[in-house]
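Chemist: Next comes the structure file my_file-v3.cif, holding mmCIF, C-alpha atoms.
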data_run
loop_
_atom_site.label_atom_id
_atom_site.label_comp_id
_atom_site.auth_asym_id
_atom_site.auth_seq_id
_atom_site.Cartn_x
_atom_site.Cartn_y
_atom_site.Cartn_z
CA MET R 1 214.29 63.20 -26.83
CA SER R 2 211.97 64.58 -24.16
CA ARG R 3 209.35 62.29 -22.65
CA ILE R 4 206.98 65.25 -22.27
CA PRO R 5 205.50 65.88 -25.72
CA SER R 6 205.32 69.27 -27.39
CA ILE R 7 202.00 71.00 -26.90
CA GLU R 8 201.87 71.58 -30.65
CA GLU R 9 201.17 67.87 -31.07
CA PHE R 10 197.72 68.39 -29.54
CA THR R 11 196.71 71.54 -31.41
CA GLY R 12 193.05 71.24 -32.33
CA LYS R 13 192.66 67.94 -30.48
CA VAL R 14 191.69 69.23 -27.02
CA ILE R 15 188.01 69.61 -26.20
CA THR R 16 187.49 72.46 -23.73
CA LYS R 17 184.41 72.96 -21.57
CA ALA R 18 185.08 76.45 -20.23
CA VAL R 19 183.35 78.42 -17.50
CA SER R 20 186.07 81.03 -17.09
CA ARG R 21 188.50 83.14 -19.12
CA GLU R 22 191.07 83.23 -16.29
CA THR R 23 193.61 81.00 -18.02
CA GLU R 24 196.67 83.09 -17.14
CA SER R 25 196.60 82.48 -13.39
CA ILE R 26 195.61 78.88 -12.72
CA ASP R 27 196.89 77.56 -9.40
CA VAL R 28 196.46 73.82 -9.96
CA SER R 29 196.04 71.53 -12.95
CA ILE R 30 194.37 68.28 -11.85
CA VAL R 31 195.20 65.49 -14.30
CA THR R 32 192.97 62.43 -14.51
CA VAL R 33 194.06 59.63 -16.82
CA CYS R 34 191.38 57.18 -17.91
CA PHE R 35 190.48 54.44 -20.37
CA ASN R 36 186.90 53.16 -20.65
CA PRO R 37 186.00 54.53 -17.18
CA LEU R 38 182.26 54.03 -17.76
CA LYS R 39 182.50 50.27 -18.21
CA ASP R 40 181.69 47.65 -15.56
CA GLY R 41 179.37 49.92 -13.59
CA ARG R 42 182.07 52.53 -12.85
CA ARG R 43 180.16 55.53 -14.21
CA GLU R 44 179.20 56.82 -10.74
CA VAL R 45 182.75 56.33 -9.46
CA PHE R 46 184.07 58.47 -12.30
CA ARG R 47 181.35 61.07 -11.72
CA LYS R 48 182.39 61.23 -8.06
CA ASN R 49 185.95 61.96 -9.18
CA ILE R 50 184.87 64.85 -11.43
CA ASP R 51 182.36 66.26 -8.92
CA SER R 52 185.01 66.26 -6.18
CA VAL R 53 187.29 68.39 -8.35
CA GLN R 54 184.50 70.83 -9.14
CA GLN R 55 183.70 71.15 -5.42
CA GLN R 56 187.15 72.49 -4.48
CA GLU R 57 187.02 75.91 -2.83
CA ASP R 58 189.14 79.08 -2.81
CA VAL R 59 191.50 78.00 -5.57
CA ARG R 60 191.84 78.53 -9.33
CA LEU R 61 192.11 75.21 -11.10
CA GLU R 62 191.46 73.23 -14.25
CA HIS R 63 190.64 69.55 -14.70
CA LEU R 64 192.53 67.81 -17.49
CA ILE R 65 191.07 64.45 -18.49
CA ILE R 66 193.52 62.46 -20.60
CA ASP R 67 191.59 59.63 -22.20
CA GLY R 68 193.23 56.72 -23.99
CA SER R 69 190.71 56.72 -26.85
CA SER R 70 187.92 55.01 -24.90
CA SER R 71 185.24 53.06 -26.74
CA ASP R 72 182.57 53.31 -24.00
CA GLY R 73 181.27 56.80 -24.80
CA THR R 74 183.48 58.60 -22.28
CA VAL R 75 184.11 61.71 -24.38
CA GLU R 76 180.44 62.12 -25.29
CA TRP R 77 179.46 61.70 -21.64
CA LEU R 78 182.01 64.30 -20.55
CA GLN R 79 180.74 66.76 -23.13
CA GLY R 80 177.31 66.52 -21.48
CA TYR R 81 178.68 67.14 -17.97
CA SER R 82 177.16 70.37 -16.63
CA ASN R 83 177.95 70.63 -12.90
CA MET R 84 180.90 72.94 -13.55
CA ARG R 85 182.74 75.52 -11.50
CA TYR R 86 186.10 75.11 -13.25
CA ASP R 87 187.28 74.40 -16.79
CA ILE R 88 187.41 70.80 -17.99
CA ARG R 89 189.78 70.02 -20.87
CA ILE R 90 189.61 66.65 -22.59
CA LEU R 91 192.19 64.92 -24.77
CA SER R 92 191.26 61.55 -26.25
CA LEU R 93 194.05 59.76 -28.15
CA PRO R 94 195.52 56.25 -28.13
CA ASP R 95 198.54 55.91 -25.84
CA SER R 96 201.08 53.30 -24.79
CA GLY R 97 200.01 53.33 -21.14
CA ILE R 98 199.20 55.42 -18.09
CA TYR R 99 202.58 57.16 -17.84
CA GLU R 100 202.56 58.40 -21.44
CA ALA R 101 199.09 59.79 -20.70
CA MET R 102 200.37 61.49 -17.52
CA ASN R 103 203.19 63.11 -19.50
CA ARG R 104 200.57 64.43 -21.92
CA GLY R 105 198.81 65.90 -18.91
CA ILE R 106 202.00 67.72 -17.89
CA ALA R 107 202.39 69.08 -21.43
CA LEU R 108 198.83 70.43 -21.52
CA SER R 109 198.72 71.74 -17.94
CA ARG R 110 198.52 75.51 -17.40
CA GLY R 111 198.65 75.56 -13.60
CA LYS R 112 201.61 76.44 -11.41
CA TYR R 113 201.18 73.05 -9.71
CA VAL R 114 200.07 69.68 -11.06
CA ILE R 115 198.40 66.78 -9.23
CA PHE R 116 197.43 63.37 -10.65
CA LEU R 117 194.07 62.01 -9.51
CA ASN R 118 193.15 58.57 -10.88
CA SER R 119 189.63 58.10 -12.24
CA ASP R 120 188.67 55.77 -9.35
CA ASP R 121 189.85 58.23 -6.68
CA PHE R 122 188.33 61.45 -5.39
CA PHE R 123 188.78 64.40 -3.04
CA HIS R 124 186.63 64.07 0.08
CA ASN R 125 187.66 67.47 1.46
CA PRO R 126 186.84 70.58 -0.63
CA ARG R 127 189.66 72.51 1.06
CA GLY R 128 192.43 70.14 -0.03
CA MET R 129 193.76 72.10 -3.01
CA ALA R 130 193.60 75.44 -1.22
CA ALA R 131 195.37 74.04 1.86
CA SER R 132 198.11 72.48 -0.29
CA VAL R 133 198.71 75.62 -2.35
CA ALA R 134 198.87 77.75 0.81
CA ARG R 135 201.41 75.36 2.36
CA LEU R 136 203.55 75.29 -0.80
CA GLU R 137 203.59 79.07 -0.99
CA GLU R 138 204.33 79.40 2.74
CA PHE R 139 207.41 77.16 2.64
CA GLY R 140 208.48 77.75 -0.98
CA CYS R 141 208.60 74.03 -1.71
CA ASP R 142 208.62 72.11 -4.99
CA PHE R 143 206.02 69.52 -4.00
CA SER R 144 203.61 68.79 -1.17
CA PHE R 145 202.51 65.55 0.47
CA ALA R 146 199.57 64.75 2.73
CA PRO R 147 197.86 61.80 4.42
CA VAL R 148 195.64 59.69 2.16
CA ARG R 149 192.55 57.70 3.06
CA PHE R 150 192.34 54.22 1.54
CA ASP R 151 188.97 52.91 0.43
CA SER R 152 188.57 49.16 0.08
CA PRO R 153 185.55 48.03 -1.98
CA ILE R 154 185.60 44.77 0.00
CA SER R 155 185.89 45.81 3.65
CA HIS R 156 184.60 49.41 3.43
CA ARG R 157 187.23 50.34 6.01
CA HIS R 158 189.12 53.58 5.70
CA ALA R 159 192.74 52.88 6.55
CA GLN R 160 195.06 55.86 6.29
CA LEU R 161 198.56 56.43 5.01
CA ALA R 162 200.20 59.01 7.28
CA PRO R 163 203.51 59.79 5.53
CA GLN R 164 204.95 61.93 8.31
CA LYS R 165 205.14 58.79 10.50
CA ARG R 166 207.10 56.83 7.88
CA LEU R 167 209.67 59.37 6.77
CA HIS R 168 212.48 57.64 8.67
CA ARG R 169 212.52 55.01 5.91
CA PHE R 170 211.08 56.89 2.94
CA LEU R 171 213.66 55.54 0.47
CA VAL R 172 212.77 51.91 1.11
CA SER R 173 209.01 52.17 1.44
CA TRP R 174 206.48 54.20 -0.49
CA SER R 175 205.63 56.97 1.96
CA PHE R 176 203.75 59.26 -0.40
CA SER R 177 200.75 58.86 -2.64
CA HIS R 178 200.71 60.89 -5.85
CA GLN R 179 196.96 61.47 -5.35
CA SER R 180 197.83 63.97 -2.60
CA MET R 181 201.05 65.40 -4.09
CA LEU R 182 201.01 68.80 -5.78
CA THR R 183 204.24 69.36 -7.71
CA LEU R 184 205.57 72.46 -9.41
CA ARG R 185 204.94 72.08 -13.12
CA SER R 186 208.37 73.57 -13.82
CA MET R 187 209.98 70.86 -11.66
CA LEU R 188 208.08 68.11 -13.49
CA VAL R 189 209.33 69.51 -16.79
CA ARG R 190 212.88 69.75 -15.43
CA ALA R 191 212.67 66.08 -14.38
CA ASP R 192 211.32 65.23 -17.86
CA GLY R 193 208.16 63.70 -16.45
CA PHE R 194 207.48 60.01 -15.94
CA ASP R 195 209.82 57.37 -17.35
CA THR R 196 207.55 55.43 -19.70
CA SER R 197 209.85 52.39 -19.66
CA TYR R 198 208.25 51.62 -16.28
CA ARG R 199 204.82 50.03 -16.26
CA SER R 200 204.06 50.23 -12.54
CA ALA R 201 206.61 52.24 -10.52
CA ALA R 202 207.23 55.39 -12.57
CA ASP R 203 205.75 57.57 -9.80
CA TYR R 204 208.28 56.13 -7.30
CA ASP R 205 211.05 56.66 -9.85
CA LEU R 206 209.95 60.26 -10.44
CA LEU R 207 210.09 61.07 -6.72
CA LEU R 208 213.66 59.74 -6.52
CA ARG R 209 214.67 61.82 -9.52
CA LEU R 210 213.07 64.90 -7.96
CA ILE R 211 215.20 64.29 -4.84
CA VAL R 212 218.31 64.07 -7.04
CA LEU R 213 217.37 67.44 -8.57
CA GLY R 214 217.22 69.01 -5.10
CA ALA R 215 213.43 69.21 -4.74
CA LYS R 216 211.97 70.03 -1.33
CA GLY R 217 208.60 68.76 -0.09
CA CYS R 218 206.26 70.17 2.53
CA PHE R 219 203.78 68.26 4.65
CA VAL R 220 200.14 69.36 4.43
CA PRO R 221 198.23 68.60 7.67
CA CYS R 222 194.99 67.93 5.82
CA THR R 223 193.60 64.58 4.67
CA PHE R 224 191.69 65.33 1.50
CA THR R 225 192.09 62.38 -0.91
CA THR R 226 190.40 58.99 -0.92
CA PHE R 227 192.42 56.40 -2.83
CA ARG R 228 190.62 53.27 -3.95
CA LEU R 229 192.70 50.14 -3.46
CA GLY R 230 193.38 47.91 -6.45
CA GLY R 231 194.57 48.71 -9.95
CA PHE R 232 197.51 47.62 -12.06
CA SER R 233 200.23 47.90 -9.40
CA ALA R 234 198.23 45.90 -6.87
CA ASP R 235 197.53 43.20 -9.46
CA HIS R 236 201.18 43.06 -10.56
CA ARG R 237 202.99 43.37 -7.26
CA GLU R 238 206.12 41.47 -8.33
CA LEU R 239 206.53 43.73 -11.35
CA ALA R 240 206.15 46.80 -9.11
CA ILE R 241 208.81 45.50 -6.72
CA ALA R 242 211.20 44.68 -9.58
CA GLU R 243 210.82 48.18 -11.00
CA CYS R 244 211.33 49.79 -7.57
CA ILE R 245 214.53 47.79 -7.18
CA HIS R 246 215.80 48.99 -10.56
CA SER R 247 214.94 52.63 -9.81
CA LEU R 248 216.45 52.58 -6.32
CA GLN R 249 219.61 50.96 -7.65
CA ASP R 250 219.98 53.87 -10.10
CA PHE R 251 219.29 56.35 -7.30
CA TYR R 252 222.07 54.99 -5.07
CA ARG R 253 224.48 55.07 -7.99
CA ILE R 254 223.63 58.67 -9.01
CA PHE R 255 222.95 60.29 -5.63
CA TYR R 256 225.39 58.44 -3.38
CA SER R 257 227.92 57.26 -6.02
CA THR R 258 227.43 53.78 -4.56
CA GLU R 259 227.14 50.71 -6.73
CA MET R 260 224.80 48.20 -5.07
CA THR R 261 224.06 44.80 -6.48
CA HIS R 262 220.54 43.83 -7.49
CA GLU R 263 220.51 41.36 -4.60
CA GLU R 264 221.39 44.06 -2.06
CA VAL R 265 218.77 46.50 -3.25
CA ALA R 266 216.18 43.70 -3.43
CA TYR R 267 216.96 42.89 0.20
CA ILE R 268 216.49 46.55 1.19
CA ILE R 269 213.16 46.82 -0.65
CA LYS R 270 211.74 43.51 0.55
CA HIS R 271 212.94 43.71 4.16
CA ARG R 272 212.71 47.49 4.57
CA VAL R 273 216.15 47.49 6.13
CA TYR R 274 219.72 48.34 5.10
CA PRO R 275 222.58 45.84 5.36
CA ARG R 276 225.07 46.84 8.04
CA ARG R 277 227.74 47.97 5.55
CA TYR R 278 225.37 50.60 4.15
CA LEU R 279 224.44 52.21 7.45
CA ASN R 280 226.23 55.39 6.34
CA ILE R 281 223.62 55.74 3.59
CA TYR R 282 220.82 55.30 6.13
CA LYS R 283 222.35 58.01 8.33
CA HIS R 284 222.70 60.29 5.31
CA SER R 285 219.06 59.66 4.37
CA GLN R 286 217.99 60.88 7.83
CA ARG R 287 219.81 64.16 7.22
CA LEU R 288 218.19 64.29 3.80
CA ILE R 289 214.75 64.00 5.42
CA ARG R 290 215.45 66.89 7.79
CA GLU R 291 216.71 69.05 4.91
CA ARG R 292 214.14 68.23 2.24
CA PHE R 293 210.83 67.56 4.05
CA ILE R 294 209.49 70.67 5.73
CA GLY R 295 206.50 71.41 7.96
CA VAL R 296 206.31 67.92 9.47
CA PRO R 297 204.59 68.03 12.91
CA GLY R 298 206.88 68.39 15.90
CA GLY R 299 206.47 68.24 19.67
CA LEU R 300 207.93 66.08 22.43
CA LEU R 301 205.83 62.97 21.81
CA ILE R 302 206.49 63.00 18.09
CA TRP R 303 210.22 63.57 18.71
CA VAL R 304 210.34 60.59 21.10
CA SER R 305 208.38 58.42 18.65
CA ARG R 306 210.68 59.41 15.80
CA TRP R 307 213.81 58.54 17.75
CA PHE R 308 212.26 55.28 18.93
CA ASN R 309 211.62 54.33 15.30
CA TYR R 310 215.13 55.42 14.35
CA VAL R 311 216.79 53.28 17.05
CA LYS R 312 214.56 50.30 16.30
CA TYR R 313 215.34 50.53 12.60
CA TYR R 314 219.07 51.02 13.25
CA LEU R 315 219.18 47.82 15.33
CA LYS R 316 217.44 45.95 12.53
CA CYS R 317 220.15 47.17 10.16
CA LEU R 318 222.85 45.87 12.50
CA ASN R 319 221.17 42.47 12.56
CA SER R 320 220.56 42.24 8.81
CA SER R 321 221.48 38.91 7.27
CA ILE R 322 223.05 40.13 4.05
#
Any chance you could give the structure as structure tokens?
Modeler:
Amino acid sequence: MSRIPSIEEFTGKVITKAVSRETESIDVSIVTVCFNPLKDGRREVFRKNIDSVQQQEDVRLEHLIIDGSSSDGTVEWLQGYSNMRYDIRILSLPDSGIYEAMNRGIALSRGKYVIFLNSDDFFHNPRGMAASVARLEEFGCDFSFAPVRFDSPISHRHAQLAPQKRLHRFLVSWSFSHQSMLTLRSMLVRADGFDTSYRSAADYDLLLRLIVLGAKGCFVPCTFTTFRLGGFSADHRELAIAECIHSLQDFYRIFYSTEMTHEEVAYIIKHRVYPRRYLNIYKHSQRLIRERFIGVPGGLLIWVSRWFNYVKYYLKCLNSSI
């Protein structure tokens, strides 16, 4: 049974605030999953999310808000939202968790590409969607990835995840943030969406399954998303690690036909390093990076830095204690 529900299940249940009739040629469906987003003084944070979508330029998009049957007046508040450039479509139904809601977003999406933007996060660059779509079309890729700015409500510092600098170990550390990843809707359907048996790491699991399916990603040299730190995964770190271990163990078995023990995969995840006897997999993963991740910045300094990281990591593998 497919994890992505049939669109017929939602007939007559979607509230549409439309400003355009151009439904046949939508570039991007932006999916925001929420539950009681107006509680605890978060109304302005949620408004910032919606405003940032409406401020995107030179792109055809829609904003899908998948609400888990909130009791804080979310739907009524959304119906009164008026600062619109693009369609907003609202579905409010009880769900079993965030990943079931995301799968509903895939089912309802009408865009060629889909991106998931959490209700606490926002786009700080109005050119982000246009730049990503242009890059995807230029390289003919299945998904895009870009740097993400982290926003801490405590320190107010803006650290940044720069995935192109971490690709040499992308399998054993989370190099991408789904808040900056546009993915072909057809590829999400082919992968059967998010595995709802995961509570925290289904996005990591989905990326691994996309790799198994042959998906290619392109780097977008544009930082356009601000990701607010915190949330379920941060509060349940041990659960997130356990689920990553399970997913990566399946990946090695399916993609490399290699049976690794739970202890071995746990060591890889926690130490970010392969045991010596699995160095062939590390070498293969480097070829995989060159084949699957396109448009990553080049140049002499970056080449030297990349090889420095490769050698440093390789020596760590040789000295691993498992």
Chemist: Report as a list in words the full result of the PyMOL selection byres ((chain R and resi 216) around 10) when it is applied to this structure.
Modeler: Leu136, Phe139, Gly140, Cys141, Asp142, Phe143, Ser144, Leu210, Ile211, Leu213, Gly214, Ala215, Gly217, Cys218, Leu288, Ile289, Glu291, Arg292, Phe293 and Ile294 of chain R
Chemist: Report as a list in words all protein, DNA and RNA residues lying within 7 Å of region 91-108 of chain R, evaluated on only C-alpha atoms, omitting residues in the same chain fewer than 6 positions from it.
Modeler: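 Counting only C-alpha atoms, the residues come to Arg3, Ile4, Pro5, Ser6, Ile7, Lys13, Val14, Ile15, Val31, Val33, Leu64, Ile65, Ile66, Asp67, Gly68, Ser69, Gly193, Phe194 and Thr196 of chain R.
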Chemist: Once the PyMOL selection byres ((chain R and resi 243-254) around 12) has been applied to the shown file, what residues remain in the selection, as a VMD selection string?
Modeler: chain R and resid 170 to 174 195 to 213 233 236 to 242 255 to 270 272 278 281 to 282 284 to 285
Chemist: Fewer than 3 positions away in the same chain doesn't count, so skip those; otherwise give me all residues within 10 Å of Thr225 (chain R), counting all atoms listed in the file, as a PyMOL selection string.
Modeler: chain R and resi 52+117+121-126+128+146-150+177+179-181+222+228
Chemist: What is the distance, in Å and to one decimal place, between CA of Cys317 (chain R) and CA of Trp303 (chain R)?
Modeler: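 Separation of CA of Cys317 (chain R) and CA of Trp303 (chain R): 21.0 Å.
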Chemist: Take every atom of region 140-150 of chain R listed in the file, fit an axis-aligned box around them, add 6 Å per side, and give the centre and edge lengths in Å to one decimal as JSON.
Modeler:
{"center_x": 200.5, "center_y": 66.0, "center_z": -0.3, "size_x": 28.3, "size_y": 35.5, "size_z": 21.4}
Chemist: Starting from the structure just given, write a file holding region 79-90 of chain R with all heavy atoms, as a tab-separated table (two decimals), in the first residue's frame.
Modeler:
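Dumped to decode24.tsv:
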chain	number	residue	atom	x	y	z
R	79	GLN	N	-7.55	31.87	6.62
R	79	GLN	CA	-8.60	32.33	5.70
R	79	GLN	C	-8.67	33.86	5.63
R	79	GLN	O	-9.13	34.42	4.63
R	79	GLN	CB	-9.95	31.75	6.11
R	79	GLN	CG	-10.08	30.27	5.80
R	79	GLN	CD	-11.41	29.70	6.23
R	79	GLN	OE1	-11.71	29.61	7.42
R	79	GLN	NE2	-12.22	29.31	5.27
R	80	GLY	N	-8.20	34.53	6.69
R	80	GLY	CA	-8.19	35.99	6.69
R	80	GLY	C	-6.90	36.59	6.17
R	80	GLY	O	-6.77	37.83	6.10
R	81	TYR	N	-5.93	35.74	5.79
R	81	TYR	CA	-4.65	36.23	5.27
R	81	TYR	C	-4.87	36.87	3.90
R	81	TYR	O	-5.51	36.29	3.03
R	81	TYR	CB	-3.65	35.07	5.16
R	81	TYR	CG	-2.26	35.49	4.75
R	81	TYR	CD1	-1.32	35.89	5.69
R	81	TYR	CD2	-1.90	35.50	3.41
R	81	TYR	CE1	-0.05	36.28	5.30
R	81	TYR	CE2	-0.64	35.89	3.01
R	81	TYR	CZ	0.29	36.28	3.96
R	81	TYR	OH	1.54	36.67	3.58
R	82	SER	N	-4.33	38.07	3.70
R	82	SER	CA	-4.64	38.81	2.47
R	82	SER	C	-3.42	39.25	1.67
R	82	SER	O	-3.57	39.73	0.55
R	82	SER	CB	-5.47	40.06	2.83
R	82	SER	OG	-4.75	40.89	3.73
R	83	ASN	N	-2.21	39.09	2.22
R	83	ASN	CA	-1.01	39.58	1.53
R	83	ASN	C	-0.53	38.55	0.51
R	83	ASN	O	0.53	37.95	0.64
R	83	ASN	CB	0.08	39.87	2.57
R	83	ASN	CG	1.31	40.49	1.94
R	83	ASN	OD1	1.23	41.14	0.92
R	83	ASN	ND2	2.46	40.26	2.56
R	84	MET	N	-1.35	38.33	-0.54
R	84	MET	CA	-1.13	37.19	-1.42
R	84	MET	C	-0.65	37.57	-2.81
R	84	MET	O	-1.19	38.47	-3.45
R	84	MET	CB	-2.42	36.38	-1.55
R	84	MET	CG	-2.82	35.64	-0.28
R	84	MET	SD	-4.38	34.77	-0.49
R	84	MET	CE	-4.01	33.71	-1.89
R	85	ARG	N	0.36	36.83	-3.26
R	85	ARG	CA	0.80	36.87	-4.65
R	85	ARG	C	0.54	35.52	-5.32
R	85	ARG	O	0.35	35.44	-6.53
R	85	ARG	CB	2.29	37.22	-4.72
R	85	ARG	CG	2.87	37.21	-6.12
R	85	ARG	CD	4.37	37.40	-6.11
R	85	ARG	NE	4.78	38.74	-5.74
R	85	ARG	CZ	6.04	39.15	-5.68
R	85	ARG	NH1	7.02	38.30	-5.96
R	85	ARG	NH2	6.33	40.37	-5.33
R	86	TYR	N	0.57	34.46	-4.50
R	86	TYR	CA	0.40	33.10	-5.00
R	86	TYR	C	-0.72	32.39	-4.24
R	86	TYR	O	-1.08	32.77	-3.13
R	86	TYR	CB	1.71	32.31	-4.84
R	86	TYR	CG	2.91	32.98	-5.46
R	86	TYR	CD1	3.90	33.55	-4.66
R	86	TYR	CD2	3.05	33.05	-6.84
R	86	TYR	CE1	5.00	34.17	-5.22
R	86	TYR	CE2	4.15	33.67	-7.41
R	86	TYR	CZ	5.13	34.24	-6.59
R	86	TYR	OH	6.21	34.85	-7.15
R	87	ASP	N	-1.22	31.31	-4.84
R	87	ASP	CA	-2.29	30.54	-4.22
R	87	ASP	C	-1.84	29.93	-2.90
R	87	ASP	O	-0.69	29.46	-2.77
R	87	ASP	CB	-2.73	29.40	-5.14
R	87	ASP	CG	-3.46	29.89	-6.38
R	87	ASP	OD1	-3.64	31.11	-6.52
R	87	ASP	OD2	-3.84	29.04	-7.21
R	88	ILE	N	-2.74	29.91	-1.94
R	88	ILE	CA	-2.55	29.18	-0.69
R	88	ILE	C	-3.65	28.12	-0.62
R	88	ILE	O	-4.83	28.43	-0.81
R	88	ILE	CB	-2.64	30.10	0.54
R	88	ILE	CG1	-1.52	31.14	0.52
R	88	ILE	CG2	-2.58	29.29	1.83
R	88	ILE	CD1	-1.58	32.14	1.67
R	89	ARG	N	-3.26	26.87	-0.38
R	89	ARG	CA	-4.23	25.78	-0.26
R	89	ARG	C	-4.05	25.15	1.12
R	89	ARG	O	-2.92	24.85	1.53
R	89	ARG	CB	-4.03	24.76	-1.37
R	89	ARG	CG	-4.19	25.39	-2.76
R	89	ARG	CD	-3.74	24.45	-3.86
R	89	ARG	NE	-4.59	23.29	-3.94
R	89	ARG	CZ	-4.16	22.07	-4.28
R	89	ARG	NH1	-2.87	21.87	-4.53
R	89	ARG	NH2	-5.00	21.06	-4.36
R	90	ILE	N	-5.15	24.97	1.82
R	90	ILE	CA	-5.12	24.55	3.21
R	90	ILE	C	-5.88	23.23	3.37
R	90	ILE	O	-7.02	23.10	2.91
R	90	ILE	CB	-5.77	25.62	4.12
R	90	ILE	CG1	-5.16	27.00	3.86
R	90	ILE	CG2	-5.65	25.23	5.59
R	90	ILE	CD1	-6.08	28.15	4.22
